[in-house]
file data38.txt (compact mmCIF, C-alpha atoms)
# COMPACT_ATOMS: atom_id res chain seq x y z
CA HIS A 1 6.04 -1.40 -7.55
CA LEU A 2 2.78 0.46 -6.98
CA PRO A 3 1.62 3.50 -8.98
CA PRO A 4 1.19 6.74 -6.99
CA ALA A 5 -2.63 6.54 -7.22
CA SER A 6 -2.86 2.95 -5.97
CA PRO A 7 -5.18 2.55 -2.97
CA LEU A 8 -2.76 -0.12 -1.70
CA LEU A 9 0.13 2.33 -1.33
CA PRO A 10 -0.64 3.29 2.32
CA ARG A 11 -0.75 -0.40 3.23
CA ALA A 12 2.63 -0.94 1.59
CA LEU A 13 3.98 1.72 3.93
CA SER A 14 2.28 0.27 7.02
CA ILE A 15 1.38 -3.38 7.60
CA LEU A 16 3.42 -4.56 4.59
CA GLY A 17 6.27 -2.12 5.26
CA THR A 18 8.62 -1.54 8.18
CA THR A 19 5.70 -1.15 10.60
CA GLY A 20 4.35 -4.63 9.98
CA LEU A 21 7.83 -6.10 9.71
CA THR A 22 8.80 -4.68 13.09
CA ALA A 23 5.73 -6.21 14.72
CA TYR A 24 6.31 -9.49 12.86
CA PHE A 25 9.90 -10.01 13.95
CA GLY A 26 9.36 -8.65 17.44
CA ALA A 27 6.52 -11.11 18.01
CA THR A 28 7.75 -14.17 16.11
CA ARG A 29 11.49 -13.96 16.79
CA VAL A 30 12.40 -11.73 19.73
CA ALA A 31 9.49 -12.75 21.96
CA ALA A 32 9.73 -16.42 21.04
CA PRO A 33 8.53 -18.81 22.15
CA VAL A 34 4.94 -17.58 22.48
CA GLY A 35 2.29 -20.18 23.18
CA PRO A 36 -1.30 -20.77 24.27
CA GLY A 37 -0.47 -20.36 27.95
CA ASP A 38 1.04 -16.88 27.64
CA THR A 39 -0.28 -13.51 28.72
CA VAL A 40 1.06 -10.75 26.48
CA VAL A 41 1.02 -6.99 27.09
CA VAL A 42 1.62 -4.48 24.29
CA SER A 43 2.16 -0.77 24.99
CA ALA A 44 1.22 1.91 22.45
CA ALA A 45 -1.16 -0.81 21.30
CA ALA A 46 -3.24 1.51 19.11
CA GLY A 47 -0.18 2.67 17.18
CA ALA A 48 0.75 1.07 13.90
CA THR A 49 3.36 -1.33 15.27
CA GLY A 50 1.49 -2.08 18.47
CA ALA A 51 -1.79 -2.84 16.70
CA ALA A 52 -0.05 -5.24 14.33
CA ALA A 53 1.75 -6.92 17.22
CA CYS A 54 -1.49 -7.41 19.17
CA GLN A 55 -3.07 -9.21 16.24
CA ILE A 56 -0.05 -11.40 15.54
CA PHE A 57 0.20 -12.46 19.18
CA LYS A 58 -3.53 -13.22 19.41
CA ASN A 59 -4.57 -14.52 16.01
CA VAL A 60 -1.37 -16.05 14.65
CA LEU A 61 0.71 -17.18 17.62
CA GLY A 62 -2.29 -18.07 19.76
CA ALA A 63 -1.42 -16.30 23.01
CA ARG A 64 -4.00 -17.04 25.69
CA ARG A 65 -4.49 -13.40 26.67
CA VAL A 66 -3.43 -10.17 24.94
CA VAL A 67 -3.69 -6.88 26.82
CA GLY A 68 -3.17 -3.52 25.15
CA ILE A 69 -2.10 -0.25 26.77
CA ALA A 70 -3.44 2.80 24.91
CA GLY A 71 -4.63 6.33 25.57
CA GLY A 72 -8.29 7.35 25.40
CA ARG A 73 -11.66 5.67 25.13
CA GLU A 74 -11.77 5.70 21.34
CA LYS A 75 -8.47 3.85 20.95
CA CYS A 76 -9.25 1.39 23.71
CA GLY A 77 -12.66 0.69 22.21
CA TRP A 78 -11.13 0.11 18.78
CA LEU A 79 -8.62 -2.35 20.20
CA LYS A 80 -11.34 -4.45 21.83
CA ALA A 81 -14.09 -4.17 19.22
CA GLU A 82 -12.06 -4.45 16.02
CA LEU A 83 -8.71 -6.01 16.90
CA GLY A 84 -10.00 -8.48 19.47
CA VAL A 85 -7.63 -7.84 22.35
CA ASP A 86 -8.81 -9.39 25.59
CA ALA A 87 -8.42 -6.31 27.78
CA VAL A 88 -7.20 -2.75 27.53
CA VAL A 89 -5.64 -0.32 29.99
CA ASP A 90 -6.24 3.37 29.34
CA TYR A 91 -3.12 5.09 30.61
CA LYS A 92 -4.89 8.46 30.36
CA ALA A 93 -7.53 7.44 32.91
CA PRO A 94 -7.00 9.15 36.29
CA GLU A 95 -6.72 5.83 38.10
CA CYS A 96 -3.95 4.67 35.75
CA LYS A 97 -1.57 7.60 36.26
CA GLY A 98 2.05 6.76 36.99
CA ALA A 99 3.68 3.40 37.48
CA GLY A 100 1.51 2.70 40.51
CA GLY A 101 -1.76 3.29 38.70
CA LEU A 102 -0.65 1.26 35.70
CA THR A 103 0.47 -1.58 37.95
CA LYS A 104 -2.95 -1.78 39.60
CA ALA A 105 -4.76 -1.73 36.26
CA LEU A 106 -2.44 -4.29 34.68
CA ARG A 107 -2.69 -6.59 37.71
CA LYS A 108 -6.44 -6.68 37.17
CA ALA A 109 -6.07 -7.21 33.41
CA CYS A 110 -3.34 -9.84 33.85
CA PRO A 111 -4.38 -11.93 36.87
CA ASP A 112 -1.79 -14.60 36.04
CA GLY A 113 1.08 -12.16 35.55
CA ILE A 114 2.89 -11.17 32.36
CA ASP A 115 4.82 -13.62 30.18
CA VAL A 116 5.61 -11.32 27.24
CA TYR A 117 5.80 -7.54 27.12
CA PHE A 118 6.16 -5.75 23.76
CA ASP A 119 7.48 -2.35 24.83
CA ASN A 120 7.05 0.68 22.61
CA VAL A 121 7.14 3.38 25.27
CA GLY A 122 9.48 2.65 28.20
CA GLY A 123 8.86 4.76 31.31
CA ASP A 124 6.02 3.93 33.68
CA ALA A 125 4.66 1.14 31.47
CA LEU A 126 7.99 -0.68 31.51
CA GLU A 127 8.24 -0.29 35.28
CA ALA A 128 4.71 -1.62 35.80
CA CYS A 129 5.35 -4.67 33.62
CA LEU A 130 8.63 -5.41 35.41
CA ARG A 131 6.67 -5.50 38.66
CA LEU A 132 4.18 -8.03 37.26
CA ALA A 133 6.50 -10.17 35.14
CA ASN A 134 6.47 -13.92 35.60
CA ASN A 135 9.59 -16.04 35.84
CA ARG A 136 11.39 -16.18 32.48
CA ALA A 137 9.22 -13.49 30.93
CA ARG A 138 10.38 -12.07 27.60
CA PHE A 139 10.49 -8.29 27.16
CA VAL A 140 10.71 -7.05 23.55
CA LEU A 141 12.28 -3.59 23.64
CA CYS A 142 11.04 -1.93 20.46
CA GLY A 143 10.72 1.76 21.42
CA ALA A 144 10.82 4.28 24.24
CA ILE A 145 8.62 7.10 23.01
CA SER A 146 7.88 8.32 26.54
CA ALA A 147 11.47 9.56 26.78
CA TYR A 148 12.10 10.85 23.26
CA ASN A 149 11.36 14.47 24.19
CA ALA A 150 12.80 14.36 27.71
CA GLN A 151 15.01 17.35 28.54
CA THR A 152 17.14 15.20 30.85
CA PRO A 153 17.66 11.43 30.79
CA PRO A 154 14.89 9.75 32.81
CA PRO A 155 15.91 7.42 35.65
CA GLY A 156 16.00 3.74 35.00
CA PRO A 157 13.05 1.59 36.14
CA PRO A 158 13.34 0.87 39.88
CA SER A 159 12.16 -2.71 39.41
CA LEU A 160 14.90 -3.63 36.93
CA PRO A 161 16.50 -5.97 39.53
CA ASN A 162 13.44 -8.19 39.03
CA ALA A 163 15.08 -9.18 35.76
CA ILE A 164 17.69 -11.02 37.83
CA SER A 165 15.52 -12.80 40.37
CA ARG A 166 12.82 -13.69 37.85
CA ARG A 167 15.27 -14.49 35.02
CA ILE A 168 13.53 -12.03 32.67
CA ARG A 169 14.97 -11.70 29.19
CA LEU A 170 15.03 -8.10 27.95
CA GLU A 171 16.06 -7.82 24.31
CA GLY A 172 16.18 -4.78 22.09
CA PHE A 173 16.12 -4.98 18.31
CA ILE A 174 15.74 -2.99 15.12
CA VAL A 175 13.94 -4.33 12.10
CA LEU A 176 17.07 -4.25 9.91
CA ASP A 177 18.47 -7.05 12.05
CA PHE A 178 16.21 -9.35 10.02
CA ALA A 179 16.60 -7.77 6.57
CA LYS A 180 17.46 -11.05 4.85
CA HIS A 181 14.12 -12.46 5.96
CA PHE A 182 11.94 -9.58 4.73
CA GLY A 183 10.64 -11.46 1.69
CA ARG A 184 9.27 -14.37 3.68
CA ALA A 185 7.84 -12.02 6.29
CA VAL A 186 5.90 -9.99 3.71
CA GLU A 187 4.51 -13.22 2.25
CA ASP A 188 3.31 -14.24 5.71
CA LEU A 189 1.77 -10.82 6.39
CA GLU A 190 -0.03 -10.85 3.02
CA ARG A 191 -1.42 -14.32 3.77
CA TRP A 192 -2.57 -13.31 7.24
CA LEU A 193 -4.30 -10.26 5.76
CA ALA A 194 -6.07 -12.47 3.22
CA GLU A 195 -7.12 -14.85 6.00
CA ALA A 196 -8.40 -11.91 8.09
CA LYS A 197 -6.05 -12.82 10.93
CA ILE A 198 -4.67 -9.28 10.88
CA SER A 199 -5.94 -5.96 9.56
CA SER A 200 -4.47 -2.56 8.85
CA ARG A 201 -5.60 0.98 9.58
CA GLU A 202 -4.00 4.05 8.00
CA VAL A 203 -4.50 7.75 8.64
CA VAL A 204 -3.65 9.60 5.43
CA VAL A 205 -2.62 13.24 5.74
CA GLN A 206 -2.87 15.16 2.47
CA GLY A 207 0.03 17.35 1.34
CA LEU A 208 3.73 17.50 2.09
CA GLU A 209 3.20 20.88 3.78
CA ASN A 210 1.26 19.02 6.49
CA ALA A 211 4.08 16.56 7.20
CA PRO A 212 5.21 18.38 10.39
CA ALA A 213 1.69 18.21 11.80
CA ALA A 214 1.51 14.52 10.87
CA LEU A 215 4.75 13.88 12.72
CA CYS A 216 3.43 15.64 15.81
CA MET A 217 0.43 13.29 15.80
CA LEU A 218 2.76 10.45 16.75
CA PHE A 219 4.00 12.23 19.88
CA GLU A 220 0.58 13.53 20.85
CA GLY A 221 -1.10 10.14 20.61
CA ALA A 222 -3.59 11.58 18.14
CA ASN A 223 -3.60 8.65 15.73
CA ALA A 224 -4.80 5.07 15.75
CA GLY A 225 -2.89 3.07 13.18
CA LYS A 226 -0.25 4.23 10.72
CA VAL A 227 0.14 7.88 9.76
CA VAL A 228 1.21 8.44 6.16
CA VAL A 229 1.58 11.66 4.17
CA ARG A 230 0.27 11.83 0.62
CA CYS A 231 2.61 13.99 -1.43
CA PHE A 232 0.57 14.01 -4.65
CA PRO A 233 -2.95 15.19 -5.51
CA ARG A 234 -5.83 12.81 -5.07
CA GLY A 235 -6.51 10.92 -8.27
CA GLU A 236 -9.80 9.75 -9.70
CA GLY A 237 -8.47 6.21 -9.84
CA GLU A 238 -8.10 5.88 -6.11
CA GLY A 239 -10.37 3.44 -4.36
CA GLU A 240 -11.38 2.94 -0.77
CA GLY A 241 -8.18 1.33 0.43
CA GLU A 242 -7.73 3.89 3.19
CA ALA A 243 -9.11 3.51 6.65
CA GLY A 244 -8.77 7.19 7.39
CA GLY A 245 -8.03 10.44 5.61
CA ARG A 246 -7.37 14.10 6.11
call {"tool": "encode", "arguments": {"input": "data38.txt", "output": "structure tokens"}}
result
Amino acid sequence: HLPPASPLLPRALSILGTTGLTAYFGATRVAAPVGPGDTVVVSAAAGATGAAACQIFKNVLGARRVVGIAGGREKCGWLKAELGVDAVVDYKAPECKGAGGLTKALRKACPDGIDVYFDNVGGDALEACLRLANNRARFVLCGAISAYNAQTPPPGPPSLPNAISRRIRLEGFIVLDFAKHFGRAVEDLERWLAEAKISSREVVVQGLENAPAALCMLFEGANAGKVVVRCFPRGEGEGEGEAGGR
């Protein structure tokens, strides 16, 4: 239990909460086995779950190459400079528009194809990764944010038949599937934080009245890391445990 003024509270809601747990189980269980010969792609890589997954794949599981898909120079720069991903694809760049543009960019970033895809967005990114998947690739279906606000159901990815010919495993999950293992997972995440194998970034929005705007940040791609809303006044006892603030 943490007091309301604890500087660790945002972290308890991010890397040590459901965000970190989702990345943990998606990477260590659903994507398994991941080894030193694997190329891994993570979409929404600058989001809270994606950023954690990138670090687990690279620094804990030892994937040979980790490629992040994110939007904008700032996010892509953060992924390379601070999280250590091997390459990034900026889906907002003109040359990366649509499934065709993403496929070209990912082919350059993943010259040996894709062994693991951690999918947080669906849509064009999923289609591009299906085109480039290696035999027996593992696709972790964690989210589909590209379709959450769609007025009509989007069509399925045209390259889905590749899952048959290439024997791709596509598996969806929710973090509660692994609830009985939460304790061990949090211990692992705490140890990896202490060993600097993973890090956490939080954007703290002040005031419950700003919660709707904070929620919109997720769908606008305006945040890098976890967005949390502080519902109490700032206290004098708070330290510098936040990576961002508003």
call {"tool": "atom_distance", "arguments": {"input": "data38.txt", "atom1": "atom CA of Asp188 of chain A", "atom2": "atom CA of Ala87 of chain A"}}
result
26.2 Å
call {"tool": "closest_residue", "arguments": {"input": "data38.txt", "among": "A:Ala52, A:Val204, A:Val67, A:Val140", "to": "Ile174 of chain A", "atoms": "only C-alpha atoms"}}
result
A:Val140
call {"tool": "residues_around", "arguments": {"input": "data38.txt", "residues": "Gly62 of chain A", "least_positions_apart": "2", "cutoff": "12 Å", "atoms": "all atoms listed in the file", "output": "ChimeraX atom specification"}}
result
/A:27-28,33-40,54-60,64-66,85,197
call {"tool": "residues_around", "arguments": {"input": "data38.txt", "residues": "segment 110-123 of chain A", "least_positions_apart": "4", "cutoff": "6 Å", "atoms": "only C-alpha atoms", "output": "list in words"}}
result
Asp38, Thr39, Val40, Val41, Val42, Ser43, Ala44, Leu106, Leu132, Ala133, Asn134, Ala137, Arg138, Phe139, Val140, Leu141, Cys142, Gly143, Ala144, Ile145 and Ser146 of chain A
call {"tool": "write_last_selection", "arguments": {"input": "data38.txt", "atoms": "C-alpha atoms", "output": "PDB file, in the frame of the given file"}}
result
ATOM      1  CA  ASP A  38       1.040 -16.880  27.640  1.00  0.00           C
ATOM      2  CA  THR A  39      -0.280 -13.510  28.720  1.00  0.00           C
ATOM      3  CA  VAL A  40       1.060 -10.750  26.480  1.00  0.00           C
ATOM      4  CA  VAL A  41       1.020  -6.990  27.090  1.00  0.00           C
ATOM      5  CA  VAL A  42       1.620  -4.480  24.290  1.00  0.00           C
ATOM      6  CA  SER A  43       2.160  -0.770  24.990  1.00  0.00           C
ATOM      7  CA  ALA A  44       1.220   1.910  22.450  1.00  0.00           C
ATOM      8  CA  LEU A 106      -2.440  -4.290  34.680  1.00  0.00           C
ATOM      9  CA  LEU A 132       4.180  -8.030  37.260  1.00  0.00           C
ATOM     10  CA  ALA A 133       6.500 -10.170  35.140  1.00  0.00           C
ATOM     11  CA  ASN A 134       6.470 -13.920  35.600  1.00  0.00           C
ATOM     12  CA  ALA A 137       9.220 -13.490  30.930  1.00  0.00           C
ATOM     13  CA  ARG A 138      10.380 -12.070  27.600  1.00  0.00           C
ATOM     14  CA  PHE A 139      10.490  -8.290  27.160  1.00  0.00           C
ATOM     15  CA  VAL A 140      10.710  -7.050  23.550  1.00  0.00           C
ATOM     16  CA  LEU A 141      12.280  -3.590  23.640  1.00  0.00           C
ATOM     17  CA  CYS A 142      11.040  -1.930  20.460  1.00  0.00           C
ATOM     18  CA  GLY A 143      10.720   1.760  21.420  1.00  0.00           C
ATOM     19  CA  ALA A 144      10.820   4.280  24.240  1.00  0.00           C
ATOM     20  CA  ILE A 145       8.620   7.100  23.010  1.00  0.00           C
ATOM     21  CA  SER A 146       7.880   8.320  26.540  1.00  0.00           C
TER      22      SER A 146
END
call {"tool": "closest_residue", "arguments": {"input": "data38.txt", "among": "A:Pro158, A:Gly207, A:Gly17, A:Gly71", "to": "Gly100 of chain A", "atoms": "all atoms listed in the file"}}
result
A:Pro158
call {"tool": "atom_distance", "arguments": {"input": "data38.txt", "atom1": "atom CA of Val229 of chain A", "atom2": "atom CA of Glu209 of chain A"}}
result
9.4 Å
call {"tool": "residues_around", "arguments": {"input": "data38.txt", "residues": "Gly101 of chain A", "least_positions_apart": "6", "cutoff": "9 Å", "atoms": "all atoms listed in the file", "output": "list in words"}}
result
Tyr91, Pro94, Glu95 and Ala128 of chain A
call {"tool": "residues_around", "arguments": {"input": "data38.txt", "residues": "Leu176 of chain A", "least_positions_apart": "6", "cutoff": "10 Å", "atoms": "all atoms listed in the file", "output": "list of chain:residue names"}}
result
A:Thr18, A:Leu21, A:Thr22, A:Phe182
call {"tool": "closest_residue", "arguments": {"input": "data38.txt", "among": "A:Leu79, A:Arg131, A:Met217, A:Ile69", "to": "Ala99 of chain A", "atoms": "all atoms listed in the file"}}
result
A:Arg131
call {"tool": "atom_distance", "arguments": {"input": "data38.txt", "atom1": "atom CA of Ile168 of chain A", "atom2": "atom CA of Asn135 of chain A"}}
result
6.5 Å
call {"tool": "closest_residue", "arguments": {"input": "data38.txt", "among": "A:Ala12, A:Trp192, A:Arg136, A:Thr19", "to": "Arg169 of chain A", "atoms": "all atoms listed in the file"}}
result
A:Arg136
call {"tool": "build_atoms", "arguments": {"input": "data38.txt", "residues": "segment 135-146 of chain A", "atoms": "all heavy atoms", "output": "short mmCIF file (atom, residue, chain, number, x, y, z; two decimals), in the coordinates of the input"}}
result
data_model
loop_
_atom_site.label_atom_id
_atom_site.label_comp_id
_atom_site.auth_asym_id
_atom_site.auth_seq_id
_atom_site.Cartn_x
_atom_site.Cartn_y
_atom_site.Cartn_z
N ASN A 135 8.27 -15.46 36.05
CA ASN A 135 9.59 -16.04 35.84
C ASN A 135 9.80 -16.33 34.36
O ASN A 135 8.92 -16.86 33.68
CB ASN A 135 9.76 -17.32 36.64
CG ASN A 135 9.88 -17.06 38.13
OD1 ASN A 135 10.20 -15.94 38.55
ND2 ASN A 135 9.61 -18.09 38.93
N ARG A 136 10.97 -15.96 33.87
CA ARG A 136 11.39 -16.18 32.48
C ARG A 136 10.50 -15.46 31.46
O ARG A 136 10.29 -15.94 30.35
CB ARG A 136 11.48 -17.68 32.17
CG ARG A 136 12.45 -18.40 33.11
CD ARG A 136 12.91 -19.73 32.59
NE ARG A 136 13.80 -20.38 33.54
CZ ARG A 136 15.09 -20.10 33.71
NH1 ARG A 136 15.64 -19.14 32.97
NH2 ARG A 136 15.82 -20.72 34.60
N ALA A 137 9.97 -14.34 31.87
CA ALA A 137 9.22 -13.49 30.93
C ALA A 137 10.16 -12.96 29.86
O ALA A 137 11.38 -12.85 30.06
CB ALA A 137 8.55 -12.34 31.67
N ARG A 138 9.59 -12.64 28.70
CA ARG A 138 10.38 -12.07 27.60
C ARG A 138 9.88 -10.65 27.34
O ARG A 138 8.71 -10.43 27.07
CB ARG A 138 10.21 -12.90 26.32
CG ARG A 138 10.95 -14.22 26.35
CD ARG A 138 10.14 -15.31 27.00
NE ARG A 138 8.97 -15.70 26.21
CZ ARG A 138 7.89 -16.28 26.70
NH1 ARG A 138 7.79 -16.52 27.99
NH2 ARG A 138 6.90 -16.61 25.90
N PHE A 139 10.81 -9.69 27.41
CA PHE A 139 10.49 -8.29 27.16
C PHE A 139 11.11 -7.89 25.83
O PHE A 139 12.34 -7.94 25.67
CB PHE A 139 11.03 -7.40 28.28
CG PHE A 139 10.16 -7.34 29.50
CD1 PHE A 139 9.55 -8.48 30.01
CD2 PHE A 139 9.94 -6.14 30.15
CE1 PHE A 139 8.75 -8.43 31.14
CE2 PHE A 139 9.14 -6.07 31.29
CZ PHE A 139 8.55 -7.22 31.78
N VAL A 140 10.27 -7.49 24.88
CA VAL A 140 10.71 -7.05 23.55
C VAL A 140 10.83 -5.53 23.60
O VAL A 140 9.83 -4.82 23.70
CB VAL A 140 9.70 -7.48 22.47
CG1 VAL A 140 10.18 -7.04 21.10
CG2 VAL A 140 9.47 -8.99 22.52
N LEU A 141 12.04 -5.02 23.52
CA LEU A 141 12.28 -3.59 23.64
C LEU A 141 12.33 -2.99 22.23
O LEU A 141 13.35 -3.03 21.55
CB LEU A 141 13.58 -3.33 24.39
CG LEU A 141 13.67 -4.00 25.78
CD1 LEU A 141 14.98 -3.65 26.46
CD2 LEU A 141 12.48 -3.63 26.65
N CYS A 142 11.19 -2.43 21.82
CA CYS A 142 11.04 -1.93 20.46
C CYS A 142 11.14 -0.41 20.39
O CYS A 142 11.59 0.15 19.39
CB CYS A 142 9.69 -2.39 19.91
SG CYS A 142 9.35 -1.90 18.22
N GLY A 143 10.69 0.30 21.43
CA GLY A 143 10.72 1.76 21.42
C GLY A 143 10.62 2.31 22.82
O GLY A 143 10.34 1.58 23.78
N ALA A 144 10.87 3.61 22.94
CA ALA A 144 10.82 4.28 24.24
C ALA A 144 10.28 5.69 24.05
O ALA A 144 10.89 6.66 24.48
CB ALA A 144 12.20 4.29 24.90
N ILE A 145 9.12 5.80 23.42
CA ILE A 145 8.62 7.10 23.01
C ILE A 145 8.34 8.02 24.19
O ILE A 145 8.35 9.24 24.05
CB ILE A 145 7.35 6.94 22.13
CG1 ILE A 145 7.06 8.24 21.38
CG2 ILE A 145 6.17 6.48 22.96
CD1 ILE A 145 6.01 8.09 20.30
N SER A 146 8.14 7.48 25.38
CA SER A 146 7.88 8.32 26.54
C SER A 146 9.07 9.21 26.89
O SER A 146 8.92 10.22 27.57
CB SER A 146 7.50 7.47 27.76
OG SER A 146 8.62 6.70 28.20
#
